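**Student:** Pasting a structure here, questions to come.
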Amino acid sequence: MLLASMAQADPLRIATFNTELSRKGPGLLLRDILRGDDPAVASVMDAILSIAPDIIVLQGIDYDLEGRALNALADSLTAAGLSYPHRFAGPPNAGRQSDLDLDGDGKRSGPGDAQGYGRFFGQGAMAILSQHPFVLNELQDFSAFLWKDLPDTLYPMVNGTPFAGLDAQGAQRLSSNSHWSLPVQTPEYGSVTLLTYHATPPVFDGPEDRNGRRNHDETAFWRHHIEGRIGTTPKGPFILLGDANLDPHRGDGRGEAITSLLTHSALQDPLPDIPTVNWPRTGPMRVDYILPSRDWQIVDAGVHWAKGDVASRHALVWVDLTR
């Protein structure tokens, strides 16, 4: 009976979307959402309402300790007819000051000295909205995982010593935002684990290629996780999704990291070679991904481009799944 009911179940629609809603200071995003007339917020809401995913991972949304900005966005979606009663946003590395010179510029307390780039704590962070409850007691938050502890780490070395010094290497976390493994309890498919992150851009650094190396390793982390070398691998079906800031063929990043996931035997790629971002300097690239585990059946998939003069440069990426 269980197999029959699952065969008849509606597909689970999963999405990821870099909203680019981040503001220049704390509290400003909440202010703009509450005003109800911000064109960028309206564009993001229109995109989400158009696709109506069951679960959506958001990037580029500012974090605050009480979740007010995220709740305001979710409440606005509810008022528009799409309810997300379950909301998650853990404390990120974005803007989390280290009190060290992590970027090697000889200064401390700048945005590049935070564990993840940010002018204030939580700038441009991540969040999840879901129609189904999270299994929070099974959350694995890898945000404090140290970069140097990643197997085969590419932490930059200069003349045989760690870039920015031993203290920086000893404190530098891998995640520029967060790495989360979070199960969601769905009525049709049981517990479904989301593996999600938002990697740093592989540019804006020096000859040491600190950002390029970190971007590579933030994506390579997931291969180590699903192969059992870091943390506890998902017990059942899972979905790896987020903004890798990395195209397998184009751009300045080390594309082999994402290629190793796109070709991994445990994963499948619903949207091969489909651009998900259009930056003026680079043109269309693929940097946003949804990679379901092999035990899913892909029903449909696509990208949806937000509208408006201040719309996100990223598309909302979605996939419909059954088992």
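Labels for the structure tokens follow display order: chains A, B, ..., residues from 1 in each chain, ligands from 1.
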Compile the contact shell of range 304-319 of chain A as a ChimeraX atom specification: residues with an atom at most 10 Å away, counting only C-alpha atoms, same-chain residues fewer than 2 positions apart removed.

**Tutor:** /A:11-21,38-48,50-53,55-58,60,241-243,270-271,274-280,284-292,298-302,321

**Student:** Using only C-alpha atoms, which protein or nucleic acid residues come within 9 Å of Lys24 in chain A? Drop anything in the same chain fewer than 6 positions from it, and give the result as a PyMOL selection string.

**Tutor:** chain A and resi 119-120+123

**Student:** Would you mind listing what lies within 10 Å of range 190-197 of chain A as a ChimeraX atom specification, with only C-alpha atoms counted and same-chain residues fewer than 6 positions away left out?

**Tutor:** /A:6,14,16,55,57-59,125-128,133-135,138-140,142-143,175-184,218-219,222,225-226,233-244,289-293

**Student:** At a cut-off of 12 Å, using only C-alpha atoms, what residues contact Glu208 in chain A? Leave out same-chain residues fewer than 5 positions from it and give the result as a ChimeraX atom specification.

**Tutor:** /A:103-104,154-159,161-164,202-203,213-214

**Student:** Could you work out how far CA of Leu65 in chain A lies from CA of Pro111 in chain A, giving the answer in Å with one decimal?

**Tutor:**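 Between CA of Pro111 in chain A and CA of Leu65 in chain A the gap is 19.3 Å.
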
**Student:** Taking the DSSP secondary structure from the backbone, can you list the residues of range 100-179 of chain A that are alpha helix (DSSP H), as a PDB file with all heavy atoms, in the first residue's frame?

**Tutor:**
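Dumped everything to result.pdb:
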```
ATOM      1  N   LEU A 166      49.699  31.383  10.494  1.00  0.00           N
ATOM      2  CA  LEU A 166      49.192  30.187  11.164  1.00  0.00           C
ATOM      3  C   LEU A 166      47.914  30.466  11.958  1.00  0.00           C
ATOM      4  O   LEU A 166      47.019  29.619  12.025  1.00  0.00           O
ATOM      5  CB  LEU A 166      50.263  29.614  12.092  1.00  0.00           C
ATOM      6  CG  LEU A 166      51.416  28.870  11.411  1.00  0.00           C
ATOM      7  CD1 LEU A 166      52.526  28.582  12.419  1.00  0.00           C
ATOM      8  CD2 LEU A 166      50.909  27.561  10.802  1.00  0.00           C
ATOM      9  N   ASP A 167      47.825  31.650  12.580  1.00  0.00           N
ATOM     10  CA  ASP A 167      46.622  31.965  13.349  1.00  0.00           C
ATOM     11  C   ASP A 167      45.399  32.028  12.436  1.00  0.00           C
ATOM     12  O   ASP A 167      44.317  31.536  12.794  1.00  0.00           O
ATOM     13  CB  ASP A 167      46.786  33.291  14.095  1.00  0.00           C
ATOM     14  CG  ASP A 167      47.751  33.185  15.269  1.00  0.00           C
ATOM     15  OD1 ASP A 167      48.046  32.041  15.691  1.00  0.00           O
ATOM     16  OD2 ASP A 167      48.205  34.241  15.755  1.00  0.00           O
ATOM     17  N   ALA A 168      45.580  32.629  11.266  1.00  0.00           N
ATOM     18  CA  ALA A 168      44.466  32.707  10.319  1.00  0.00           C
ATOM     19  C   ALA A 168      44.078  31.318   9.846  1.00  0.00           C
ATOM     20  O   ALA A 168      42.888  30.973   9.803  1.00  0.00           O
ATOM     21  CB  ALA A 168      44.841  33.587   9.127  1.00  0.00           C
ATOM     22  N   GLN A 169      45.050  30.500   9.511  1.00  0.00           N
ATOM     23  CA  GLN A 169      44.742  29.142   9.068  1.00  0.00           C
ATOM     24  C   GLN A 169      44.030  28.347  10.162  1.00  0.00           C
ATOM     25  O   GLN A 169      43.105  27.574   9.900  1.00  0.00           O
ATOM     26  CB  GLN A 169      46.014  28.403   8.651  1.00  0.00           C
ATOM     27  CG  GLN A 169      45.738  27.007   8.088  1.00  0.00           C
ATOM     28  CD  GLN A 169      46.992  26.179   7.965  1.00  0.00           C
ATOM     29  OE1 GLN A 169      47.881  26.238   8.826  1.00  0.00           O
ATOM     30  NE2 GLN A 169      47.088  25.396   6.891  1.00  0.00           N
ATOM     31  N   GLY A 170      44.442  28.543  11.400  1.00  0.00           N
ATOM     32  CA  GLY A 170      43.847  27.806  12.506  1.00  0.00           C
ATOM     33  C   GLY A 170      42.437  28.216  12.841  1.00  0.00           C
ATOM     34  O   GLY A 170      41.715  27.464  13.519  1.00  0.00           O
ATOM     35  N   ALA A 171      42.034  29.405  12.385  1.00  0.00           N
ATOM     36  CA  ALA A 171      40.700  29.911  12.722  1.00  0.00           C
ATOM     37  C   ALA A 171      39.736  29.936  11.547  1.00  0.00           C
ATOM     38  O   ALA A 171      38.525  29.987  11.745  1.00  0.00           O
ATOM     39  CB  ALA A 171      40.815  31.332  13.290  1.00  0.00           C
TER      40      ALA A 171
END
```

**Student:** For the structure I just gave you, how does DSSP split range 54-126 of chain A - specifically, which residues are strand (DSSP E or B)? Reply as a ChimeraX atom specification.

**Tutor:** /A:55-61,86-88,94,97,114,116,125-126

**Student:** Mind checking which residues fall within 9 Å of Asp62 in chain A, counting only C-alpha atoms, ignoring those fewer than 6 positions away in the same chain, and posting them as a ChimeraX atom specification?

**Tutor:** /A:21-23,26-30,69-70,121-127

**Student:** Would you put the residues from that selection into a file with N, CA and C atoms, as an mmCIF file, in the first residue's frame?

**Tutor:**
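And here is the file that came out, again_33.cif:
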```
data_model
loop_
_atom_site.group_PDB
_atom_site.id
_atom_site.type_symbol
_atom_site.label_atom_id
_atom_site.label_comp_id
_atom_site.auth_asym_id
_atom_site.auth_seq_id
_atom_site.Cartn_x
_atom_site.Cartn_y
_atom_site.Cartn_z
ATOM 1 N N LEU A 21 18.756 40.031 -2.356
ATOM 2 C CA LEU A 21 18.020 41.038 -1.584
ATOM 3 C C LEU A 21 18.869 41.709 -0.505
ATOM 4 N N SER A 22 20.113 41.318 -0.350
ATOM 5 C CA SER A 22 20.929 41.855 0.734
ATOM 6 C C SER A 22 21.026 43.374 0.668
ATOM 7 N N ARG A 23 21.026 43.996 1.847
ATOM 8 C CA ARG A 23 21.116 45.443 1.968
ATOM 9 C C ARG A 23 22.462 45.857 2.562
ATOM 10 N N PRO A 26 22.354 46.419 8.708
ATOM 11 C CA PRO A 26 21.398 45.561 9.423
ATOM 12 C C PRO A 26 20.048 46.246 9.589
ATOM 13 N N GLY A 27 18.994 45.479 9.420
ATOM 14 C CA GLY A 27 17.638 45.990 9.595
ATOM 15 C C GLY A 27 17.022 46.611 8.360
ATOM 16 N N LEU A 28 17.836 46.910 7.348
ATOM 17 C CA LEU A 28 17.313 47.602 6.173
ATOM 18 C C LEU A 28 16.424 46.694 5.324
ATOM 19 N N LEU A 29 16.778 45.403 5.246
ATOM 20 C CA LEU A 29 15.937 44.491 4.470
ATOM 21 C C LEU A 29 14.571 44.345 5.134
ATOM 22 N N LEU A 30 14.563 44.196 6.454
ATOM 23 C CA LEU A 30 13.288 44.116 7.171
ATOM 24 C C LEU A 30 12.452 45.362 6.901
ATOM 25 N N ALA A 69 13.386 39.450 9.293
ATOM 26 C CA ALA A 69 13.319 39.690 7.847
ATOM 27 C C ALA A 69 12.746 38.469 7.125
ATOM 28 N N LEU A 70 13.221 37.283 7.502
ATOM 29 C CA LEU A 70 12.711 36.068 6.875
ATOM 30 C C LEU A 70 11.222 35.892 7.159
ATOM 31 N N PHE A 121 27.169 41.342 10.465
ATOM 32 C CA PHE A 121 26.870 39.943 10.711
ATOM 33 C C PHE A 121 25.557 39.547 10.043
ATOM 34 N N GLY A 122 25.637 38.553 9.161
ATOM 35 C CA GLY A 122 24.449 38.047 8.490
ATOM 36 C C GLY A 122 24.164 38.645 7.137
ATOM 37 N N GLN A 123 25.047 39.514 6.636
ATOM 38 C CA GLN A 123 24.788 40.143 5.341
ATOM 39 C C GLN A 123 24.803 39.089 4.230
ATOM 40 N N GLY A 124 23.738 39.042 3.454
ATOM 41 C CA GLY A 124 23.676 38.143 2.307
ATOM 42 C C GLY A 124 23.723 36.677 2.679
ATOM 43 N N ALA A 125 22.988 36.269 3.689
ATOM 44 C CA ALA A 125 23.058 34.904 4.201
ATOM 45 C C ALA A 125 22.047 33.990 3.493
ATOM 46 N N MET A 126 21.691 32.886 4.158
ATOM 47 C CA MET A 126 20.832 31.851 3.595
ATOM 48 C C MET A 126 19.617 31.624 4.485
ATOM 49 N N ALA A 127 18.583 31.009 3.902
ATOM 50 C CA ALA A 127 17.395 30.650 4.667
ATOM 51 C C ALA A 127 16.623 29.597 3.886
#
```

**Student:** State, in Å with one decimal place, the distance from CA of Gly118 in chain A to CA of Arg173 in chain A.

**Tutor:**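 Computing it gives 14.3 Å between the two atoms.
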
**Student:** Point out the residue among A:Gly36, A:Leu146, A:Pro92, A:Pro272 with the least atom-to-atom distance to Ala80 in chain A, counting only C-alpha atoms.

**Tutor:**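 For Ala80 in chain A, the nearest of the candidates is A:Gly36.
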
**Student:** For CA of Arg294 in chain A and CA of Gln268 in chain A, quote the distance in Å rounded to one decimal.

**Tutor:**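 Distance reported for this atom pair: 6.0 Å.
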
**Student:** Considering only C-alpha atoms, return as a list in words whatever protein or nucleic-acid residues lie within 8 Å of Ser109 in chain A, sequence-local ones (same chain, fewer than 4 positions apart) excluded.

**Tutor:**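 Near Ser109 in chain A, the qualifying residues are Gln97, Ser98, Asp99, Leu100, Asp101, Asp113 and Ala114 of chain A.
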